[in-house]
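Source file: run-v1.cif; contents: mmCIF, C-alpha atoms.
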data_final
loop_
_atom_site.label_atom_id
_atom_site.label_comp_id
_atom_site.auth_asym_id
_atom_site.auth_seq_id
_atom_site.Cartn_x
_atom_site.Cartn_y
_atom_site.Cartn_z
CA MET A 1 135.36 151.51 93.58
CA THR A 2 135.87 147.75 93.58
CA SER A 3 133.26 145.40 92.31
CA ARG A 4 132.19 142.32 94.18
CA PRO A 5 132.69 138.98 92.50
CA THR A 6 129.52 137.44 91.12
CA PRO A 7 128.47 134.59 93.41
CA GLU A 8 128.59 131.12 91.92
CA PRO A 9 125.12 129.86 91.08
CA SER A 10 123.86 127.06 93.30
CA PRO A 11 123.93 123.66 91.64
CA THR A 12 120.52 122.32 90.67
CA ARG A 13 119.20 118.84 90.16
CA ASP A 14 115.94 117.14 89.34
CA ALA A 15 114.21 114.60 91.59
CA VAL A 16 111.23 112.32 91.07
CA SER A 17 108.92 110.47 93.46
CA ALA A 18 105.70 108.54 93.04
CA GLY A 19 102.85 107.50 95.27
CA GLY A 20 99.18 106.91 95.52
CA ILE A 21 95.81 107.90 96.78
CA VAL A 22 94.37 104.62 98.02
CA TYR A 23 90.60 104.69 98.40
CA ARG A 24 87.71 102.51 99.52
CA HIS A 25 83.96 102.91 99.88
CA ALA A 26 82.79 102.97 103.50
CA PRO A 27 79.31 103.45 105.00
CA GLU A 28 80.09 107.16 105.64
CA GLY A 29 81.46 107.72 102.12
CA VAL A 30 84.82 107.49 100.39
CA GLU A 31 87.87 107.00 102.59
CA VAL A 32 91.54 107.43 101.67
CA VAL A 33 94.75 106.37 103.39
CA LEU A 34 97.05 108.93 105.01
CA VAL A 35 100.37 108.27 106.72
CA TYR A 36 101.42 110.13 109.87
CA ARG A 37 104.85 110.93 111.34
CA HIS A 38 104.58 112.12 114.95
CA SER A 39 107.99 113.86 115.14
CA GLU A 40 106.97 116.26 112.37
CA ARG A 41 103.21 116.19 112.97
CA LEU A 42 103.06 115.27 109.28
CA TRP A 43 99.96 113.86 107.57
CA ALA A 44 100.78 112.87 104.02
CA LEU A 45 99.94 110.75 101.02
CA PRO A 46 102.27 107.76 100.71
CA LYS A 47 105.09 108.29 98.20
CA GLY A 48 108.75 107.66 97.63
CA THR A 49 111.76 107.56 95.37
CA PRO A 50 112.32 105.06 92.55
CA ASN A 51 114.80 102.23 92.90
CA ALA A 52 117.17 101.65 90.00
CA GLY A 53 115.31 100.24 87.01
CA GLU A 54 111.82 100.87 88.40
CA THR A 55 109.09 102.56 86.41
CA ILE A 56 107.15 105.39 88.04
CA GLU A 57 104.14 103.07 88.37
CA GLU A 58 106.24 100.33 90.01
CA THR A 59 107.64 102.91 92.42
CA ALA A 60 104.16 104.11 93.35
CA LEU A 61 102.93 100.55 94.01
CA ARG A 62 106.02 99.60 96.05
CA GLU A 63 106.10 102.78 98.11
CA VAL A 64 102.39 102.52 98.93
CA ARG A 65 102.87 98.87 99.94
CA GLU A 66 105.88 99.71 102.15
CA GLU A 67 104.44 102.82 103.80
CA THR A 68 100.84 101.60 104.27
CA GLY A 69 101.05 97.80 104.38
CA LEU A 70 98.44 97.65 101.59
CA VAL A 71 98.79 95.83 98.30
CA THR A 72 97.11 97.97 95.65
CA ARG A 73 96.35 98.22 91.98
CA ILE A 74 96.52 101.40 89.96
CA VAL A 75 93.18 102.65 88.68
CA GLU A 76 94.49 105.68 86.80
CA PRO A 77 96.86 108.65 87.13
CA VAL A 78 95.57 111.50 89.31
CA GLY A 79 98.14 114.22 88.81
CA GLU A 80 101.43 115.57 89.99
CA VAL A 81 102.91 118.06 92.42
CA ARG A 82 105.95 120.15 91.52
CA TYR A 83 108.03 122.07 94.02
CA ALA A 84 111.58 123.20 94.71
CA TYR A 85 113.73 123.07 97.81
CA THR A 86 117.36 123.35 98.85
CA ASP A 87 118.99 120.12 99.99
CA ARG A 88 121.55 119.73 102.81
CA GLU A 89 124.46 120.32 100.42
CA GLY A 90 122.96 123.60 99.23
CA ALA A 91 121.80 122.33 95.84
CA ARG A 92 118.49 123.54 94.48
CA VAL A 93 116.20 120.55 93.82
CA GLN A 94 113.32 120.68 91.34
CA LYS A 95 111.01 117.84 92.33
CA VAL A 96 107.99 116.26 90.69
CA VAL A 97 105.80 113.73 92.50
CA TYR A 98 103.43 111.59 90.41
CA HIS A 99 100.26 110.32 92.11
CA TYR A 100 97.96 107.48 91.10
CA LEU A 101 94.46 106.58 92.19
CA MET A 102 94.68 103.10 93.73
CA GLU A 103 92.39 100.42 95.08
CA PRO A 104 93.49 98.02 97.83
CA VAL A 105 93.57 94.36 96.78
CA GLY A 106 95.24 92.94 99.90
CA GLY A 107 97.53 93.63 102.79
CA ASP A 108 96.87 95.29 106.13
CA THR A 109 97.72 98.76 107.43
CA ALA A 110 99.19 97.11 110.55
CA ASP A 111 102.01 95.86 108.29
CA HIS A 112 103.36 99.30 107.34
CA ASP A 113 107.08 100.02 107.60
CA HIS A 114 108.75 102.15 110.30
CA GLU A 115 108.96 105.33 108.22
CA PHE A 116 105.60 106.46 109.61
CA ASP A 117 104.05 106.03 113.03
CA ARG A 118 100.47 105.60 111.89
CA VAL A 119 98.48 104.69 108.81
CA GLU A 120 94.85 105.79 108.90
CA TRP A 121 91.78 105.47 106.72
CA CYS A 122 90.08 108.89 106.74
CA HIS A 123 86.93 110.20 105.12
CA ILE A 124 88.14 112.18 102.12
CA SER A 125 86.91 115.48 103.61
CA GLU A 126 88.84 114.73 106.83
CA ALA A 127 91.93 113.88 104.75
CA GLU A 128 91.64 117.28 103.04
CA ARG A 129 91.63 118.92 106.47
CA LEU A 130 94.54 116.86 107.86
CA LEU A 131 96.91 116.93 104.89
CA THR A 132 100.02 118.86 105.94
CA HIS A 133 101.27 119.82 102.48
CA ARG A 134 98.47 121.97 101.12
CA ASN A 135 99.90 121.77 97.59
CA GLN A 136 98.48 118.22 97.50
CA LEU A 137 94.86 119.27 98.05
CA HIS A 138 94.14 119.40 94.33
CA LEU A 139 95.11 115.72 94.14
CA LEU A 140 92.48 114.72 96.71
CA GLN A 141 89.89 116.82 94.87
CA ALA A 142 90.84 115.23 91.54
CA ALA A 143 90.69 111.79 93.15
CA ALA A 144 87.21 112.50 94.54
CA ASP A 145 86.02 113.54 91.07
CA ARG A 146 87.48 110.40 89.47
CA ILE A 147 86.02 108.13 92.17
CA ALA A 148 82.57 109.70 91.65
CA ARG A 149 82.87 109.16 87.88
CA ILE A 150 84.05 105.54 88.29
CA SER A 151 81.33 104.75 90.85
CA SER A 152 78.41 106.12 88.85
#

Show me this structure written as structure tokens.
Amino acid sequence: MTSRPTPEPSPTRDAVSAGGIVYRHAPEGVEVVLVYRHSERLWALPKGTPNAGETIEETALREVREETGLVTRIVEPVGEVRYAYTDREGARVQKVVYHYLMEPVGGDTADHDHEFDRVEWCHISEAERLLTHRNQLHLLQAAADRIARISS
């Protein structure tokens, strides 16, 4: 009986992104910003990858500005999402995405980049319903708790 060769393990790498949960108080309650990509029917929180030399916080602020058109300030960290996937080259990627609670201080959602088709303010309960990646729900819930604490 011949034995089969042991398959080579897939290469692995780590990846980091950062983004934000931008909120405002509206007459109907707290609203947050979601970005939408029609081709994937994707509703998401704005986030992206660091540029060389950027801190995680700088990345979060820049990515939110690019993807939403809003200039924001960080209020506090909200949490992180960890997940794994296989990239196009077959490498296993272990990713962590850091999220920050943010307040808008300027800008306009009409000035968002072309990465997403729409940028929408949604009541936080509607955002929880729309969010495509369900592993981010705990971030919206944590943000709601922090906003309630800050506002009281």

Excluding region 113-126 of chain A and its own-chain neighbours fewer than 3 positions away, which residues fall within 12 Å of it when counting only C-alpha atoms? Please give them as a PDB file with C-alpha atoms, in the frame of the given file.
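And here's result_3.pdb as it stands now:
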ATOM      1  CA  ILE A  21      95.810 107.900  96.780  1.00  0.00           C
ATOM      2  CA  VAL A  22      94.370 104.620  98.020  1.00  0.00           C
ATOM      3  CA  TYR A  23      90.600 104.690  98.400  1.00  0.00           C
ATOM      4  CA  ARG A  24      87.710 102.510  99.520  1.00  0.00           C
ATOM      5  CA  HIS A  25      83.960 102.910  99.880  1.00  0.00           C
ATOM      6  CA  ALA A  26      82.790 102.970 103.500  1.00  0.00           C
ATOM      7  CA  PRO A  27      79.310 103.450 105.000  1.00  0.00           C
ATOM      8  CA  GLU A  28      80.090 107.160 105.640  1.00  0.00           C
ATOM      9  CA  GLY A  29      81.460 107.720 102.120  1.00  0.00           C
ATOM     10  CA  VAL A  30      84.820 107.490 100.390  1.00  0.00           C
ATOM     11  CA  GLU A  31      87.870 107.000 102.590  1.00  0.00           C
ATOM     12  CA  VAL A  32      91.540 107.430 101.670  1.00  0.00           C
ATOM     13  CA  VAL A  33      94.750 106.370 103.390  1.00  0.00           C
ATOM     14  CA  LEU A  34      97.050 108.930 105.010  1.00  0.00           C
ATOM     15  CA  VAL A  35     100.370 108.270 106.720  1.00  0.00           C
ATOM     16  CA  TYR A  36     101.420 110.130 109.870  1.00  0.00           C
ATOM     17  CA  ARG A  37     104.850 110.930 111.340  1.00  0.00           C
ATOM     18  CA  HIS A  38     104.580 112.120 114.950  1.00  0.00           C
ATOM     19  CA  SER A  39     107.990 113.860 115.140  1.00  0.00           C
ATOM     20  CA  GLU A  40     106.970 116.260 112.370  1.00  0.00           C
ATOM     21  CA  ARG A  41     103.210 116.190 112.970  1.00  0.00           C
ATOM     22  CA  LEU A  42     103.060 115.270 109.280  1.00  0.00           C
ATOM     23  CA  TRP A  43      99.960 113.860 107.570  1.00  0.00           C
ATOM     24  CA  ALA A  44     100.780 112.870 104.020  1.00  0.00           C
ATOM     25  CA  LEU A  45      99.940 110.750 101.020  1.00  0.00           C
ATOM     26  CA  PRO A  46     102.270 107.760 100.710  1.00  0.00           C
ATOM     27  CA  LYS A  47     105.090 108.290  98.200  1.00  0.00           C
ATOM     28  CA  GLY A  48     108.750 107.660  97.630  1.00  0.00           C
ATOM     29  CA  ARG A  62     106.020  99.600  96.050  1.00  0.00           C
ATOM     30  CA  GLU A  63     106.100 102.780  98.110  1.00  0.00           C
ATOM     31  CA  VAL A  64     102.390 102.520  98.930  1.00  0.00           C
ATOM     32  CA  ARG A  65     102.870  98.870  99.940  1.00  0.00           C
ATOM     33  CA  GLU A  66     105.880  99.710 102.150  1.00  0.00           C
ATOM     34  CA  GLU A  67     104.440 102.820 103.800  1.00  0.00           C
ATOM     35  CA  THR A  68     100.840 101.600 104.270  1.00  0.00           C
ATOM     36  CA  GLY A  69     101.050  97.800 104.380  1.00  0.00           C
ATOM     37  CA  LEU A  70      98.440  97.650 101.590  1.00  0.00           C
ATOM     38  CA  PRO A 104      93.490  98.020  97.830  1.00  0.00           C
ATOM     39  CA  ASP A 108      96.870  95.290 106.130  1.00  0.00           C
ATOM     40  CA  THR A 109      97.720  98.760 107.430  1.00  0.00           C
ATOM     41  CA  ALA A 110      99.190  97.110 110.550  1.00  0.00           C
ATOM     42  CA  ARG A 129      91.630 118.920 106.470  1.00  0.00           C
ATOM     43  CA  LEU A 130      94.540 116.860 107.860  1.00  0.00           C
ATOM     44  CA  LEU A 131      96.910 116.930 104.890  1.00  0.00           C
ATOM     45  CA  THR A 132     100.020 118.860 105.940  1.00  0.00           C
ATOM     46  CA  LEU A 137      94.860 119.270  98.050  1.00  0.00           C
ATOM     47  CA  LEU A 139      95.110 115.720  94.140  1.00  0.00           C
ATOM     48  CA  LEU A 140      92.480 114.720  96.710  1.00  0.00           C
ATOM     49  CA  GLN A 141      89.890 116.820  94.870  1.00  0.00           C
ATOM     50  CA  ALA A 142      90.840 115.230  91.540  1.00  0.00           C
ATOM     51  CA  ALA A 143      90.690 111.790  93.150  1.00  0.00           C
ATOM     52  CA  ALA A 144      87.210 112.500  94.540  1.00  0.00           C
ATOM     53  CA  ASP A 145      86.020 113.540  91.070  1.00  0.00           C
ATOM     54  CA  ILE A 147      86.020 108.130  92.170  1.00  0.00           C
TER      55      ILE A 147
END

Selection result for the PyMOL selection byres ((chain A and resi 99) around 12) on this file, as a PDB file with C-alpha atoms, keeping the file's coordinate frame:
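Listing of out_14.pdb after writing:
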ATOM      1  CA  VAL A  16     111.230 112.320  91.070  1.00  0.00           C
ATOM      2  CA  SER A  17     108.920 110.470  93.460  1.00  0.00           C
ATOM      3  CA  ALA A  18     105.700 108.540  93.040  1.00  0.00           C
ATOM      4  CA  GLY A  19     102.850 107.500  95.270  1.00  0.00           C
ATOM      5  CA  GLY A  20      99.180 106.910  95.520  1.00  0.00           C
ATOM      6  CA  ILE A  21      95.810 107.900  96.780  1.00  0.00           C
ATOM      7  CA  VAL A  22      94.370 104.620  98.020  1.00  0.00           C
ATOM      8  CA  LEU A  45      99.940 110.750 101.020  1.00  0.00           C
ATOM      9  CA  PRO A  46     102.270 107.760 100.710  1.00  0.00           C
ATOM     10  CA  LYS A  47     105.090 108.290  98.200  1.00  0.00           C
ATOM     11  CA  GLY A  48     108.750 107.660  97.630  1.00  0.00           C
ATOM     12  CA  ILE A  56     107.150 105.390  88.040  1.00  0.00           C
ATOM     13  CA  GLU A  57     104.140 103.070  88.370  1.00  0.00           C
ATOM     14  CA  GLU A  58     106.240 100.330  90.010  1.00  0.00           C
ATOM     15  CA  THR A  59     107.640 102.910  92.420  1.00  0.00           C
ATOM     16  CA  ALA A  60     104.160 104.110  93.350  1.00  0.00           C
ATOM     17  CA  LEU A  61     102.930 100.550  94.010  1.00  0.00           C
ATOM     18  CA  GLU A  63     106.100 102.780  98.110  1.00  0.00           C
ATOM     19  CA  VAL A  64     102.390 102.520  98.930  1.00  0.00           C
ATOM     20  CA  ILE A  74      96.520 101.400  89.960  1.00  0.00           C
ATOM     21  CA  VAL A  75      93.180 102.650  88.680  1.00  0.00           C
ATOM     22  CA  GLU A  76      94.490 105.680  86.800  1.00  0.00           C
ATOM     23  CA  PRO A  77      96.860 108.650  87.130  1.00  0.00           C
ATOM     24  CA  VAL A  78      95.570 111.500  89.310  1.00  0.00           C
ATOM     25  CA  GLY A  79      98.140 114.220  88.810  1.00  0.00           C
ATOM     26  CA  GLU A  80     101.430 115.570  89.990  1.00  0.00           C
ATOM     27  CA  VAL A  81     102.910 118.060  92.420  1.00  0.00           C
ATOM     28  CA  ARG A  82     105.950 120.150  91.520  1.00  0.00           C
ATOM     29  CA  VAL A  96     107.990 116.260  90.690  1.00  0.00           C
ATOM     30  CA  VAL A  97     105.800 113.730  92.500  1.00  0.00           C
ATOM     31  CA  TYR A  98     103.430 111.590  90.410  1.00  0.00           C
ATOM     32  CA  TYR A 100      97.960 107.480  91.100  1.00  0.00           C
ATOM     33  CA  LEU A 101      94.460 106.580  92.190  1.00  0.00           C
ATOM     34  CA  MET A 102      94.680 103.100  93.730  1.00  0.00           C
ATOM     35  CA  GLN A 136      98.480 118.220  97.500  1.00  0.00           C
ATOM     36  CA  HIS A 138      94.140 119.400  94.330  1.00  0.00           C
ATOM     37  CA  LEU A 139      95.110 115.720  94.140  1.00  0.00           C
ATOM     38  CA  LEU A 140      92.480 114.720  96.710  1.00  0.00           C
ATOM     39  CA  ALA A 142      90.840 115.230  91.540  1.00  0.00           C
ATOM     40  CA  ALA A 143      90.690 111.790  93.150  1.00  0.00           C
TER      41      ALA A 143
END

Atom-to-atom span, CA of Asp111 (chain A) and CA of Thr55 (chain A), Å:
24.0 Å

Give me the residues near Gly90 (chain A) as a PyMOL selection string, where near means some atom within 10 Å (using only C-alpha atoms) and where sequence neighbours in that chain fewer than 3 positions away do not count.
chain A and resi 10-12+85-87+93

CA of Asn51 (chain A) to CA of Arg13 (chain A): how many Å, to one decimal?
17.4 Å

Rounded to one decimal, what separation in Å do you get between CA of Arg92 (chain A) and CA of Asn135 (chain A)?
18.9 Å

Please rebuild region 14-44 of chain A with N, CA and C atoms and give the result as a CSV table (one decimal), in the coordinates of the input.
chain,number,residue,atom,x,y,z
A,14,ASP,N,117.3,117.6,89.4
A,14,ASP,CA,115.9,117.1,89.3
A,14,ASP,C,115.8,115.9,90.2
A,15,ALA,N,114.6,115.8,90.8
A,15,ALA,CA,114.2,114.6,91.6
A,15,ALA,C,112.8,114.2,91.3
A,16,VAL,N,112.5,112.9,91.4
A,16,VAL,CA,111.2,112.3,91.1
A,16,VAL,C,110.8,111.4,92.2
A,17,SER,N,109.5,111.4,92.5
A,17,SER,CA,108.9,110.5,93.5
A,17,SER,C,107.6,110.1,92.9
A,18,ALA,N,107.0,109.0,93.5
A,18,ALA,CA,105.7,108.5,93.0
A,18,ALA,C,105.0,107.9,94.2
A,19,GLY,N,103.7,108.1,94.2
A,19,GLY,CA,102.8,107.5,95.3
A,19,GLY,C,101.4,107.4,94.9
A,20,GLY,N,100.6,107.2,95.9
A,20,GLY,CA,99.2,106.9,95.5
A,20,GLY,C,98.2,107.5,96.5
A,21,ILE,N,97.0,107.6,96.0
A,21,ILE,CA,95.8,107.9,96.8
A,21,ILE,C,95.0,106.6,96.8
A,22,VAL,N,95.1,105.9,97.9
A,22,VAL,CA,94.4,104.6,98.0
A,22,VAL,C,93.0,104.9,98.6
A,23,TYR,N,91.9,104.4,97.9
A,23,TYR,CA,90.6,104.7,98.4
A,23,TYR,C,89.8,103.4,98.6
A,24,ARG,N,88.7,103.6,99.4
A,24,ARG,CA,87.7,102.5,99.5
A,24,ARG,C,86.4,103.2,99.8
A,25,HIS,N,85.3,102.4,99.5
A,25,HIS,CA,84.0,102.9,99.9
A,25,HIS,C,83.6,102.4,101.3
A,26,ALA,N,83.2,103.3,102.1
A,26,ALA,CA,82.8,103.0,103.5
A,26,ALA,C,81.4,103.5,103.7
A,27,PRO,N,80.7,103.0,104.8
A,27,PRO,CA,79.3,103.4,105.0
A,27,PRO,C,79.2,105.0,105.0
A,28,GLU,N,80.2,105.7,105.5
A,28,GLU,CA,80.1,107.2,105.6
A,28,GLU,C,80.5,107.9,104.4
A,29,GLY,N,81.0,107.1,103.4
A,29,GLY,CA,81.5,107.7,102.1
A,29,GLY,C,82.8,107.2,101.8
A,30,VAL,N,83.5,107.9,100.9
A,30,VAL,CA,84.8,107.5,100.4
A,30,VAL,C,85.9,107.8,101.4
A,31,GLU,N,86.7,106.8,101.7
A,31,GLU,CA,87.9,107.0,102.6
A,31,GLU,C,89.2,106.8,101.8
A,32,VAL,N,90.2,107.6,102.3
A,32,VAL,CA,91.5,107.4,101.7
A,32,VAL,C,92.5,107.2,102.8
A,33,VAL,N,93.7,106.7,102.4
A,33,VAL,CA,94.8,106.4,103.4
A,33,VAL,C,95.7,107.5,103.5
A,34,LEU,N,96.0,108.0,104.7
A,34,LEU,CA,97.0,108.9,105.0
A,34,LEU,C,98.1,108.3,105.9
A,35,VAL,N,99.3,108.7,105.8
A,35,VAL,CA,100.4,108.3,106.7
A,35,VAL,C,100.7,109.4,107.6
A,36,TYR,N,101.2,109.1,108.9
A,36,TYR,CA,101.4,110.1,109.9
A,36,TYR,C,102.8,109.9,110.5
A,37,ARG,N,103.6,111.0,110.6
A,37,ARG,CA,104.8,110.9,111.3
A,37,ARG,C,104.8,111.9,112.5
A,38,HIS,N,104.8,111.3,113.7
A,38,HIS,CA,104.6,112.1,115.0
A,38,HIS,C,105.6,113.2,115.1
A,39,SER,N,106.9,112.9,114.9
A,39,SER,CA,108.0,113.9,115.1
A,39,SER,C,107.8,115.2,114.4
A,40,GLU,N,107.2,115.1,113.2
A,40,GLU,CA,107.0,116.3,112.4
A,40,GLU,C,105.5,116.7,112.4
A,41,ARG,N,104.7,116.0,113.0
A,41,ARG,CA,103.2,116.2,113.0
A,41,ARG,C,102.8,116.3,111.5
A,42,LEU,N,103.2,115.3,110.7
A,42,LEU,CA,103.1,115.3,109.3
A,42,LEU,C,102.0,114.3,108.9
A,43,TRP,N,101.0,114.7,108.2
A,43,TRP,CA,100.0,113.9,107.6
A,43,TRP,C,100.2,114.0,106.1
A,44,ALA,N,100.4,112.8,105.4
A,44,ALA,CA,100.8,112.9,104.0
A,44,ALA,C,100.2,111.7,103.2
